[in-house]
>>> print(open('upload26.tsv').read())   # TSV, C-alpha atoms
chain	number	residue	atom	x	y	z
A	1	MET	CA	2.30	-24.24	-25.16
A	2	SER	CA	2.18	-27.86	-23.97
A	3	GLU	CA	4.86	-28.69	-26.55
A	4	LEU	CA	7.18	-26.10	-24.98
A	5	THR	CA	6.42	-27.53	-21.56
A	6	THR	CA	7.36	-31.02	-22.72
A	7	VAL	CA	10.54	-29.73	-24.34
A	8	ALA	CA	11.49	-27.58	-21.35
A	9	ARG	CA	11.29	-30.21	-18.61
A	10	PRO	CA	14.48	-32.16	-19.42
A	11	TYR	CA	16.48	-28.95	-19.93
A	12	ALA	CA	15.24	-27.52	-16.63
A	13	LYS	CA	15.97	-30.80	-14.83
A	14	ALA	CA	19.48	-31.02	-16.30
A	15	ALA	CA	20.22	-27.39	-15.43
A	16	PHE	CA	18.85	-27.84	-11.91
A	17	ASP	CA	20.83	-31.04	-11.30
A	18	PHE	CA	24.02	-29.34	-12.53
A	19	ALA	CA	23.34	-26.27	-10.38
A	20	LEU	CA	22.63	-28.45	-7.35
A	21	GLU	CA	25.87	-30.33	-7.88
A	22	LYS	CA	27.81	-27.05	-8.12
A	23	SER	CA	25.88	-25.39	-5.25
A	24	ALA	CA	24.81	-22.63	-7.62
A	25	ILE	CA	21.01	-22.89	-7.64
A	26	GLU	CA	20.41	-19.13	-7.32
A	27	LYS	CA	23.08	-18.26	-9.89
A	28	TRP	CA	21.61	-20.67	-12.43
A	29	HIS	CA	18.11	-19.33	-11.84
A	30	ASP	CA	19.37	-15.82	-12.56
A	31	MET	CA	21.17	-16.96	-15.73
A	32	ILE	CA	18.16	-18.83	-17.07
A	33	ALA	CA	15.81	-15.96	-16.23
A	34	PHE	CA	18.06	-13.47	-18.02
A	35	ALA	CA	18.46	-15.72	-21.07
A	36	ALA	CA	14.67	-16.19	-21.17
A	37	ALA	CA	14.16	-12.41	-21.09
A	38	VAL	CA	16.61	-12.00	-23.98
A	39	ALA	CA	14.91	-14.77	-25.96
A	40	ASN	CA	11.50	-13.14	-25.41
A	41	ASP	CA	12.67	-9.76	-26.72
A	42	ASP	CA	10.90	-8.98	-30.01
A	43	GLN	CA	14.07	-7.95	-31.84
A	44	MET	CA	15.92	-11.05	-30.66
A	45	ALA	CA	13.02	-13.31	-31.62
A	46	THR	CA	13.03	-11.78	-35.10
A	47	PHE	CA	16.79	-12.25	-35.35
A	48	LEU	CA	16.60	-15.86	-34.19
A	49	GLY	CA	13.98	-16.53	-36.87
A	50	SER	CA	16.16	-15.01	-39.60
A	51	ALA	CA	18.26	-16.84	-42.17
A	52	GLU	CA	21.52	-16.27	-40.30
A	53	THR	CA	23.67	-19.31	-39.52
A	54	LEU	CA	23.16	-21.08	-36.23
A	55	GLU	CA	26.67	-20.16	-35.12
A	56	LYS	CA	26.02	-16.45	-35.78
A	57	LYS	CA	22.69	-16.60	-33.90
A	58	VAL	CA	24.30	-18.25	-30.89
A	59	ASP	CA	27.22	-15.80	-30.86
A	60	VAL	CA	24.90	-12.79	-30.99
A	61	PHE	CA	22.62	-14.27	-28.31
A	62	ILE	CA	25.55	-14.95	-25.98
A	63	ASN	CA	27.06	-11.50	-26.64
A	64	VAL	CA	23.74	-9.87	-25.78
A	65	CYS	CA	23.64	-11.85	-22.52
A	66	GLY	CA	27.20	-10.71	-21.82
A	67	GLU	CA	28.51	-11.36	-18.34
A	68	GLN	CA	25.12	-12.60	-17.15
A	69	LEU	CA	26.09	-16.07	-18.42
A	70	ASP	CA	29.16	-17.90	-17.17
A	71	GLU	CA	30.85	-20.54	-19.32
A	72	SER	CA	28.44	-23.27	-18.24
A	73	GLY	CA	25.48	-21.00	-18.92
A	74	GLN	CA	26.84	-20.25	-22.39
A	75	ASN	CA	27.20	-23.97	-23.06
A	76	PHE	CA	23.61	-24.49	-21.92
A	77	VAL	CA	22.40	-21.81	-24.35
A	78	ARG	CA	24.52	-23.31	-27.16
A	79	LEU	CA	23.00	-26.75	-26.53
A	80	MET	CA	19.47	-25.37	-26.58
A	81	ALA	CA	20.22	-23.39	-29.77
A	82	GLU	CA	21.71	-26.43	-31.52
A	83	ASN	CA	18.50	-28.30	-30.78
A	84	GLY	CA	16.34	-25.36	-31.90
A	85	ARG	CA	14.96	-24.83	-28.39
A	86	LEU	CA	15.77	-21.22	-27.49
A	87	LYS	CA	12.09	-20.30	-27.70
A	88	ALA	CA	11.50	-22.72	-24.80
A	89	LEU	CA	13.70	-20.75	-22.39
A	90	SER	CA	10.71	-19.17	-20.61
A	91	ALA	CA	9.22	-22.61	-19.99
A	92	VAL	CA	12.65	-23.84	-18.81
A	93	GLU	CA	12.75	-20.94	-16.34
A	94	LYS	CA	9.30	-21.85	-14.99
A	95	HIS	CA	10.19	-25.52	-14.55
A	96	TYR	CA	13.55	-24.64	-13.02
A	97	SER	CA	11.74	-22.38	-10.51
A	98	ASP	CA	9.34	-25.21	-9.69
A	99	LEU	CA	12.26	-27.60	-9.11
A	100	ARG	CA	13.98	-25.01	-6.95
A	101	SER	CA	10.86	-24.44	-4.85
A	102	GLU	CA	10.42	-28.18	-4.43
A	103	HIS	CA	14.05	-28.57	-3.40
A	104	GLU	CA	13.84	-25.70	-0.93
A	105	GLN	CA	10.47	-26.97	0.28
A	106	GLU	CA	8.89	-23.66	-0.53
A	107	VAL	CA	5.45	-22.90	-1.92
A	108	THR	CA	4.19	-19.66	-3.42
A	109	VAL	CA	0.71	-18.79	-2.22
A	110	ASP	CA	-1.52	-16.22	-3.93
A	111	VAL	CA	-3.75	-14.49	-1.39
A	112	THR	CA	-6.59	-12.19	-2.44
A	113	SER	CA	-8.41	-10.12	0.15
A	114	ALA	CA	-10.97	-7.32	0.13
A	115	VAL	CA	-8.57	-4.96	1.92
A	116	LYS	CA	-4.78	-4.73	2.13
A	117	LEU	CA	-3.42	-7.13	4.75
A	118	THR	CA	-1.17	-5.68	7.44
A	119	LYS	CA	2.32	-7.06	7.96
A	120	LYS	CA	1.16	-8.82	11.14
A	121	GLN	CA	-1.81	-10.42	9.32
A	122	GLN	CA	0.52	-11.59	6.55
A	123	ASP	CA	2.95	-13.06	9.09
A	124	ASN	CA	0.14	-14.88	10.94
A	125	LEU	CA	-1.28	-16.20	7.67
A	126	ALA	CA	2.16	-17.35	6.51
A	127	GLN	CA	2.71	-19.22	9.79
A	128	ALA	CA	-0.67	-20.94	9.55
A	129	LEU	CA	-0.08	-21.92	5.92
A	130	GLU	CA	3.42	-23.20	6.70
A	131	LYS	CA	1.86	-25.59	9.22
A	132	ARG	CA	-0.81	-26.67	6.73
A	133	PHE	CA	1.57	-27.24	3.78
A	134	SER	CA	4.64	-28.28	5.82
A	135	ARG	CA	6.72	-25.94	3.68
A	136	LYS	CA	8.12	-22.44	3.72
A	137	VAL	CA	5.48	-20.08	2.35
A	138	LYS	CA	6.01	-17.08	0.11
A	139	LEU	CA	2.91	-14.88	-0.03
A	140	ASN	CA	1.77	-12.91	-3.08
A	141	CYS	CA	-0.94	-10.65	-1.72
A	142	SER	CA	-3.45	-8.74	-3.82
A	143	VAL	CA	-6.67	-6.81	-3.20
A	144	ASP	CA	-10.04	-7.37	-4.87
A	145	THR	CA	-12.90	-5.41	-3.32
A	146	ALA	CA	-15.45	-7.59	-5.15
A	147	ILE	CA	-14.88	-10.46	-2.70
A	148	VAL	CA	-16.51	-8.36	0.05
A	149	SER	CA	-14.74	-10.02	2.98
A	150	GLY	CA	-12.50	-12.98	3.75
A	151	LEU	CA	-9.59	-14.50	1.86
A	152	TYR	CA	-9.14	-16.41	-1.39
A	153	ILE	CA	-5.99	-18.52	-1.15
A	154	LYS	CA	-4.42	-20.46	-4.02
A	155	ALA	CA	-1.30	-22.60	-3.69
A	156	GLY	CA	-0.66	-24.76	-6.72
A	157	ASP	CA	-3.76	-26.93	-7.13
A	158	THR	CA	-5.07	-26.15	-3.65
A	159	VAL	CA	-7.74	-23.44	-3.38
A	160	ILE	CA	-9.20	-22.20	-0.11
A	161	ASP	CA	-12.16	-19.90	-0.72
A	162	GLY	CA	-13.06	-18.24	2.54
A	163	THR	CA	-14.65	-15.21	0.94
A	164	VAL	CA	-18.18	-14.00	1.60
A	165	ARG	CA	-18.79	-13.97	-2.15
A	166	GLY	CA	-17.69	-17.62	-2.40
A	167	LYS	CA	-19.89	-18.64	0.51
A	168	LEU	CA	-22.89	-16.85	-1.01
A	169	GLU	CA	-22.29	-18.55	-4.37
A	170	ARG	CA	-22.10	-21.98	-2.68
A	171	LEU	CA	-25.29	-21.23	-0.75
A	172	ALA	CA	-27.10	-20.14	-3.92
A	173	HIS	CA	-25.95	-23.30	-5.69
A	174	ALA	CA	-27.12	-25.47	-2.79
A	175	LEU	CA	-30.53	-23.78	-2.74
A	176	GLN	CA	-30.96	-24.28	-6.49
A	177	SER	CA	-30.16	-28.00	-6.27
>>> encode(input="upload26.tsv", output="structure tokens")
Amino acid sequence: MSELTTVARPYAKAAFDFALEKSAIEKWHDMIAFAAAVANDDQMATFLGSAETLEKKVDVFINVCGEQLDESGQNFVRLMAENGRLKALSAVEKHYSDLRSEHEQEVTVDVTSAVKLTKKQQDNLAQALEKRFSRKVKLNCSVDTAIVSGLYIKAGDTVIDGTVRGKLERLAHALQS
């Protein structure tokens, strides 16, 4: 997986820079995401691993993508195929999304709570996190009744564990020390 990450970074950066220059960041994200979904399809993966010529593989791949790829997107796919990198499209999509979020100064925050948060609670939490991270916040909320009460918040490498379960675990660890 780390090999795909290493391979994907320059492609994602090049695609993002091109999209930024053309003011087409959203369009390029959609094209890369669609191409990644096609590349991840089991039948397509089998076909790409077959003994067909590179030109035939690229033509079939681009035909399957159809109108989802414009001419620049098709050229991007051709370049990746010529370098044997189509299997890295999912990693390219992830890195492209990271670059886009960084550019838009946006952060995705995973929030886990014991009960479903109301719209007002989500709005208040988003406002507080926007102040803390100095970025626009996109919340991904989920429910886990095992945390008893409180919130578990994860944004990138930052973790805020305000759950009762987490506090009890820290207390138990402190008492054992």
>>> atom_distance(input="upload26.tsv", atom1="CA of Thr163 in chain A", atom2="CA of Arg132 in chain A")
18.9 Å
>>> atom_distance(input="upload26.tsv", atom1="CA of Gln68 in chain A", atom2="CA of Gln105 in chain A")
26.9 Å
>>> closest_residue(input="upload26.tsv", among="A:Ala126, A:Ala81, A:Ala51, A:Leu86", to="Leu4 in chain A", atoms="all atoms listed in the file")
A:Leu86
>>> atom_distance(input="upload26.tsv", atom1="CA of Thr46 in chain A", atom2="CA of Glu93 in chain A")
20.9 Å
>>> closest_atom_pairs(input="upload26.tsv", of="range 92-122 of chain A", to="range 20-27 of chain A", cutoff="12 Å", atoms="all atoms listed in the file", output="tab-separated table")
residue	atom	partner	partner_atom	distance
A:Glu93	CA	A:Glu26	CA	12.0
A:Tyr96	CA	A:Ile25	CA	9.4
A:Ser97	CA	A:Ile25	CA	9.7
A:Leu99	CA	A:Ile25	CA	10.0
A:Arg100	CA	A:Ile25	CA	7.4
A:Ser101	CA	A:Ile25	CA	10.6
A:His103	CA	A:Leu20	CA	9.4
A:Glu104	CA	A:Ile25	CA	10.2
>>> write_last_selection(input="upload26.tsv", atoms="C-alpha atoms", output="CSV table (one decimal), in the frame of the given file")
chain,number,residue,atom,x,y,z
A,93,GLU,CA,12.8,-20.9,-16.3
A,96,TYR,CA,13.6,-24.6,-13.0
A,97,SER,CA,11.7,-22.4,-10.5
A,99,LEU,CA,12.3,-27.6,-9.1
A,100,ARG,CA,14.0,-25.0,-7.0
A,101,SER,CA,10.9,-24.4,-4.8
A,103,HIS,CA,14.0,-28.6,-3.4
A,104,GLU,CA,13.8,-25.7,-0.9
>>> residues_around(input="upload26.tsv", residues="Gly166 in chain A", least_positions_apart="3", cutoff="12 Å", atoms="only C-alpha atoms", output="list of chain:residue names")
A:Ala146, A:Ile147, A:Val148, A:Ser149, A:Gly150, A:Leu151, A:Tyr152, A:Ile153, A:Val159, A:Ile160, A:Asp161, A:Gly162, A:Thr163, A:Glu169, A:Arg170, A:Leu171, A:Ala172, A:His173
>>> write_last_selection(input="upload26.tsv", atoms="C-alpha atoms", output="mmCIF file, in the frame of the given file")
data_model
loop_
_atom_site.group_PDB
_atom_site.id
_atom_site.type_symbol
_atom_site.label_atom_id
_atom_site.label_comp_id
_atom_site.auth_asym_id
_atom_site.auth_seq_id
_atom_site.Cartn_x
_atom_site.Cartn_y
_atom_site.Cartn_z
ATOM 1 C CA ALA A 146 -15.450 -7.590 -5.150
ATOM 2 C CA ILE A 147 -14.880 -10.460 -2.700
ATOM 3 C CA VAL A 148 -16.510 -8.360 0.050
ATOM 4 C CA SER A 149 -14.740 -10.020 2.980
ATOM 5 C CA GLY A 150 -12.500 -12.980 3.750
ATOM 6 C CA LEU A 151 -9.590 -14.500 1.860
ATOM 7 C CA TYR A 152 -9.140 -16.410 -1.390
ATOM 8 C CA ILE A 153 -5.990 -18.520 -1.150
ATOM 9 C CA VAL A 159 -7.740 -23.440 -3.380
ATOM 10 C CA ILE A 160 -9.200 -22.200 -0.110
ATOM 11 C CA ASP A 161 -12.160 -19.900 -0.720
ATOM 12 C CA GLY A 162 -13.060 -18.240 2.540
ATOM 13 C CA THR A 163 -14.650 -15.210 0.940
ATOM 14 C CA GLU A 169 -22.290 -18.550 -4.370
ATOM 15 C CA ARG A 170 -22.100 -21.980 -2.680
ATOM 16 C CA LEU A 171 -25.290 -21.230 -0.750
ATOM 17 C CA ALA A 172 -27.100 -20.140 -3.920
ATOM 18 C CA HIS A 173 -25.950 -23.300 -5.690
#
>>> closest_residue(input="upload26.tsv", among="A:Gly66, A:Gly156, A:Gly73, A:Gly49", to="Val109 in chain A", atoms="only C-alpha atoms")
A:Gly156
>>> build_atoms(input="upload26.tsv", residues="range 10-21 of chain A", atoms="all heavy atoms", output="PDB file, in the coordinates of the input")
ATOM      1  N   PRO A  10      13.143 -31.551 -19.562  1.00  0.00           N
ATOM      2  CA  PRO A  10      14.480 -32.160 -19.420  1.00  0.00           C
ATOM      3  C   PRO A  10      15.603 -31.122 -19.332  1.00  0.00           C
ATOM      4  O   PRO A  10      16.588 -31.347 -18.619  1.00  0.00           O
ATOM      5  CB  PRO A  10      14.617 -33.025 -20.672  1.00  0.00           C
ATOM      6  CG  PRO A  10      13.500 -32.677 -21.577  1.00  0.00           C
ATOM      7  CD  PRO A  10      12.465 -31.968 -20.775  1.00  0.00           C
ATOM      8  N   TYR A  11      15.459 -29.993 -20.023  1.00  0.00           N
ATOM      9  CA  TYR A  11      16.480 -28.950 -19.930  1.00  0.00           C
ATOM     10  C   TYR A  11      16.500 -28.352 -18.523  1.00  0.00           C
ATOM     11  O   TYR A  11      17.565 -28.126 -17.947  1.00  0.00           O
ATOM     12  CB  TYR A  11      16.220 -27.836 -20.952  1.00  0.00           C
ATOM     13  CG  TYR A  11      16.527 -28.252 -22.369  1.00  0.00           C
ATOM     14  CD1 TYR A  11      15.510 -28.605 -23.243  1.00  0.00           C
ATOM     15  CD2 TYR A  11      17.839 -28.301 -22.836  1.00  0.00           C
ATOM     16  CE1 TYR A  11      15.784 -28.988 -24.545  1.00  0.00           C
ATOM     17  CE2 TYR A  11      18.128 -28.688 -24.136  1.00  0.00           C
ATOM     18  CZ  TYR A  11      17.089 -29.026 -24.988  1.00  0.00           C
ATOM     19  OH  TYR A  11      17.376 -29.411 -26.268  1.00  0.00           O
ATOM     20  N   ALA A  12      15.331 -28.085 -17.979  1.00  0.00           N
ATOM     21  CA  ALA A  12      15.240 -27.520 -16.630  1.00  0.00           C
ATOM     22  C   ALA A  12      15.807 -28.506 -15.613  1.00  0.00           C
ATOM     23  O   ALA A  12      16.551 -28.108 -14.708  1.00  0.00           O
ATOM     24  CB  ALA A  12      13.800 -27.177 -16.291  1.00  0.00           C
ATOM     25  N   LYS A  13      15.472 -29.769 -15.759  1.00  0.00           N
ATOM     26  CA  LYS A  13      15.970 -30.800 -14.830  1.00  0.00           C
ATOM     27  C   LYS A  13      17.485 -30.912 -14.909  1.00  0.00           C
ATOM     28  O   LYS A  13      18.166 -30.973 -13.880  1.00  0.00           O
ATOM     29  CB  LYS A  13      15.298 -32.141 -15.156  1.00  0.00           C
ATOM     30  CG  LYS A  13      15.770 -33.301 -14.320  1.00  0.00           C
ATOM     31  CD  LYS A  13      15.115 -33.316 -12.966  1.00  0.00           C
ATOM     32  CE  LYS A  13      15.387 -34.612 -12.245  1.00  0.00           C
ATOM     33  NZ  LYS A  13      16.281 -34.453 -11.101  1.00  0.00           N
ATOM     34  N   ALA A  14      18.024 -30.924 -16.132  1.00  0.00           N
ATOM     35  CA  ALA A  14      19.480 -31.020 -16.300  1.00  0.00           C
ATOM     36  C   ALA A  14      20.171 -29.796 -15.705  1.00  0.00           C
ATOM     37  O   ALA A  14      21.183 -29.932 -15.002  1.00  0.00           O
ATOM     38  CB  ALA A  14      19.823 -31.159 -17.779  1.00  0.00           C
ATOM     39  N   ALA A  15      19.629 -28.617 -15.969  1.00  0.00           N
ATOM     40  CA  ALA A  15      20.220 -27.390 -15.430  1.00  0.00           C
ATOM     41  C   ALA A  15      20.154 -27.400 -13.907  1.00  0.00           C
ATOM     42  O   ALA A  15      21.120 -27.037 -13.226  1.00  0.00           O
ATOM     43  CB  ALA A  15      19.515 -26.165 -15.991  1.00  0.00           C
ATOM     44  N   PHE A  16      19.015 -27.820 -13.366  1.00  0.00           N
ATOM     45  CA  PHE A  16      18.850 -27.840 -11.910  1.00  0.00           C
ATOM     46  C   PHE A  16      19.819 -28.840 -11.274  1.00  0.00           C
ATOM     47  O   PHE A  16      20.467 -28.531 -10.266  1.00  0.00           O
ATOM     48  CB  PHE A  16      17.423 -28.156 -11.512  1.00  0.00           C
ATOM     49  CG  PHE A  16      17.220 -28.093 -10.034  1.00  0.00           C
ATOM     50  CD1 PHE A  16      17.075 -26.870  -9.399  1.00  0.00           C
ATOM     51  CD2 PHE A  16      17.220 -29.245  -9.265  1.00  0.00           C
ATOM     52  CE1 PHE A  16      16.928 -26.794  -8.017  1.00  0.00           C
ATOM     53  CE2 PHE A  16      17.072 -29.183  -7.891  1.00  0.00           C
ATOM     54  CZ  PHE A  16      16.926 -27.952  -7.265  1.00  0.00           C
ATOM     55  N   ASP A  17      19.918 -30.033 -11.849  1.00  0.00           N
ATOM     56  CA  ASP A  17      20.830 -31.040 -11.300  1.00  0.00           C
ATOM     57  C   ASP A  17      22.276 -30.545 -11.320  1.00  0.00           C
ATOM     58  O   ASP A  17      23.026 -30.743 -10.366  1.00  0.00           O
ATOM     59  CB  ASP A  17      20.702 -32.356 -12.073  1.00  0.00           C
ATOM     60  CG  ASP A  17      19.385 -33.064 -11.808  1.00  0.00           C
ATOM     61  OD1 ASP A  17      18.681 -32.711 -10.838  1.00  0.00           O
ATOM     62  OD2 ASP A  17      19.043 -33.984 -12.590  1.00  0.00           O
ATOM     63  N   PHE A  18      22.668 -29.897 -12.422  1.00  0.00           N
ATOM     64  CA  PHE A  18      24.020 -29.340 -12.530  1.00  0.00           C
ATOM     65  C   PHE A  18      24.220 -28.252 -11.478  1.00  0.00           C
ATOM     66  O   PHE A  18      25.245 -28.215 -10.795  1.00  0.00           O
ATOM     67  CB  PHE A  18      24.258 -28.787 -13.934  1.00  0.00           C
ATOM     68  CG  PHE A  18      25.646 -28.257 -14.147  1.00  0.00           C
ATOM     69  CD1 PHE A  18      26.698 -29.119 -14.421  1.00  0.00           C
ATOM     70  CD2 PHE A  18      25.906 -26.894 -14.063  1.00  0.00           C
ATOM     71  CE1 PHE A  18      27.987 -28.633 -14.613  1.00  0.00           C
ATOM     72  CE2 PHE A  18      27.183 -26.397 -14.246  1.00  0.00           C
ATOM     73  CZ  PHE A  18      28.231 -27.271 -14.526  1.00  0.00           C
ATOM     74  N   ALA A  19      23.251 -27.358 -11.350  1.00  0.00           N
ATOM     75  CA  ALA A  19      23.340 -26.270 -10.380  1.00  0.00           C
ATOM     76  C   ALA A  19      23.404 -26.804  -8.953  1.00  0.00           C
ATOM     77  O   ALA A  19      24.167 -26.295  -8.122  1.00  0.00           O
ATOM     78  CB  ALA A  19      22.159 -25.318 -10.537  1.00  0.00           C
ATOM     79  N   LEU A  20      22.625 -27.832  -8.679  1.00  0.00           N
ATOM     80  CA  LEU A  20      22.630 -28.450  -7.350  1.00  0.00           C
ATOM     81  C   LEU A  20      23.995 -29.047  -7.043  1.00  0.00           C
ATOM     82  O   LEU A  20      24.537 -28.864  -5.946  1.00  0.00           O
ATOM     83  CB  LEU A  20      21.531 -29.513  -7.269  1.00  0.00           C
ATOM     84  CG  LEU A  20      21.284 -30.168  -5.928  1.00  0.00           C
ATOM     85  CD1 LEU A  20      20.883 -29.125  -4.881  1.00  0.00           C
ATOM     86  CD2 LEU A  20      20.196 -31.214  -6.053  1.00  0.00           C
ATOM     87  N   GLU A  21      24.555 -29.714  -8.029  1.00  0.00           N
ATOM     88  CA  GLU A  21      25.870 -30.330  -7.880  1.00  0.00           C
ATOM     89  C   GLU A  21      26.951 -29.272  -7.613  1.00  0.00           C
ATOM     90  O   GLU A  21      27.868 -29.497  -6.824  1.00  0.00           O
ATOM     91  CB  GLU A  21      26.210 -31.105  -9.158  1.00  0.00           C
ATOM     92  CG  GLU A  21      27.548 -31.786  -9.155  1.00  0.00           C
ATOM     93  CD  GLU A  21      27.805 -32.497 -10.481  1.00  0.00           C
ATOM     94  OE1 GLU A  21      26.919 -33.249 -10.932  1.00  0.00           O
ATOM     95  OE2 GLU A  21      28.882 -32.268 -11.054  1.00  0.00           O
TER      96      GLU A  21
END
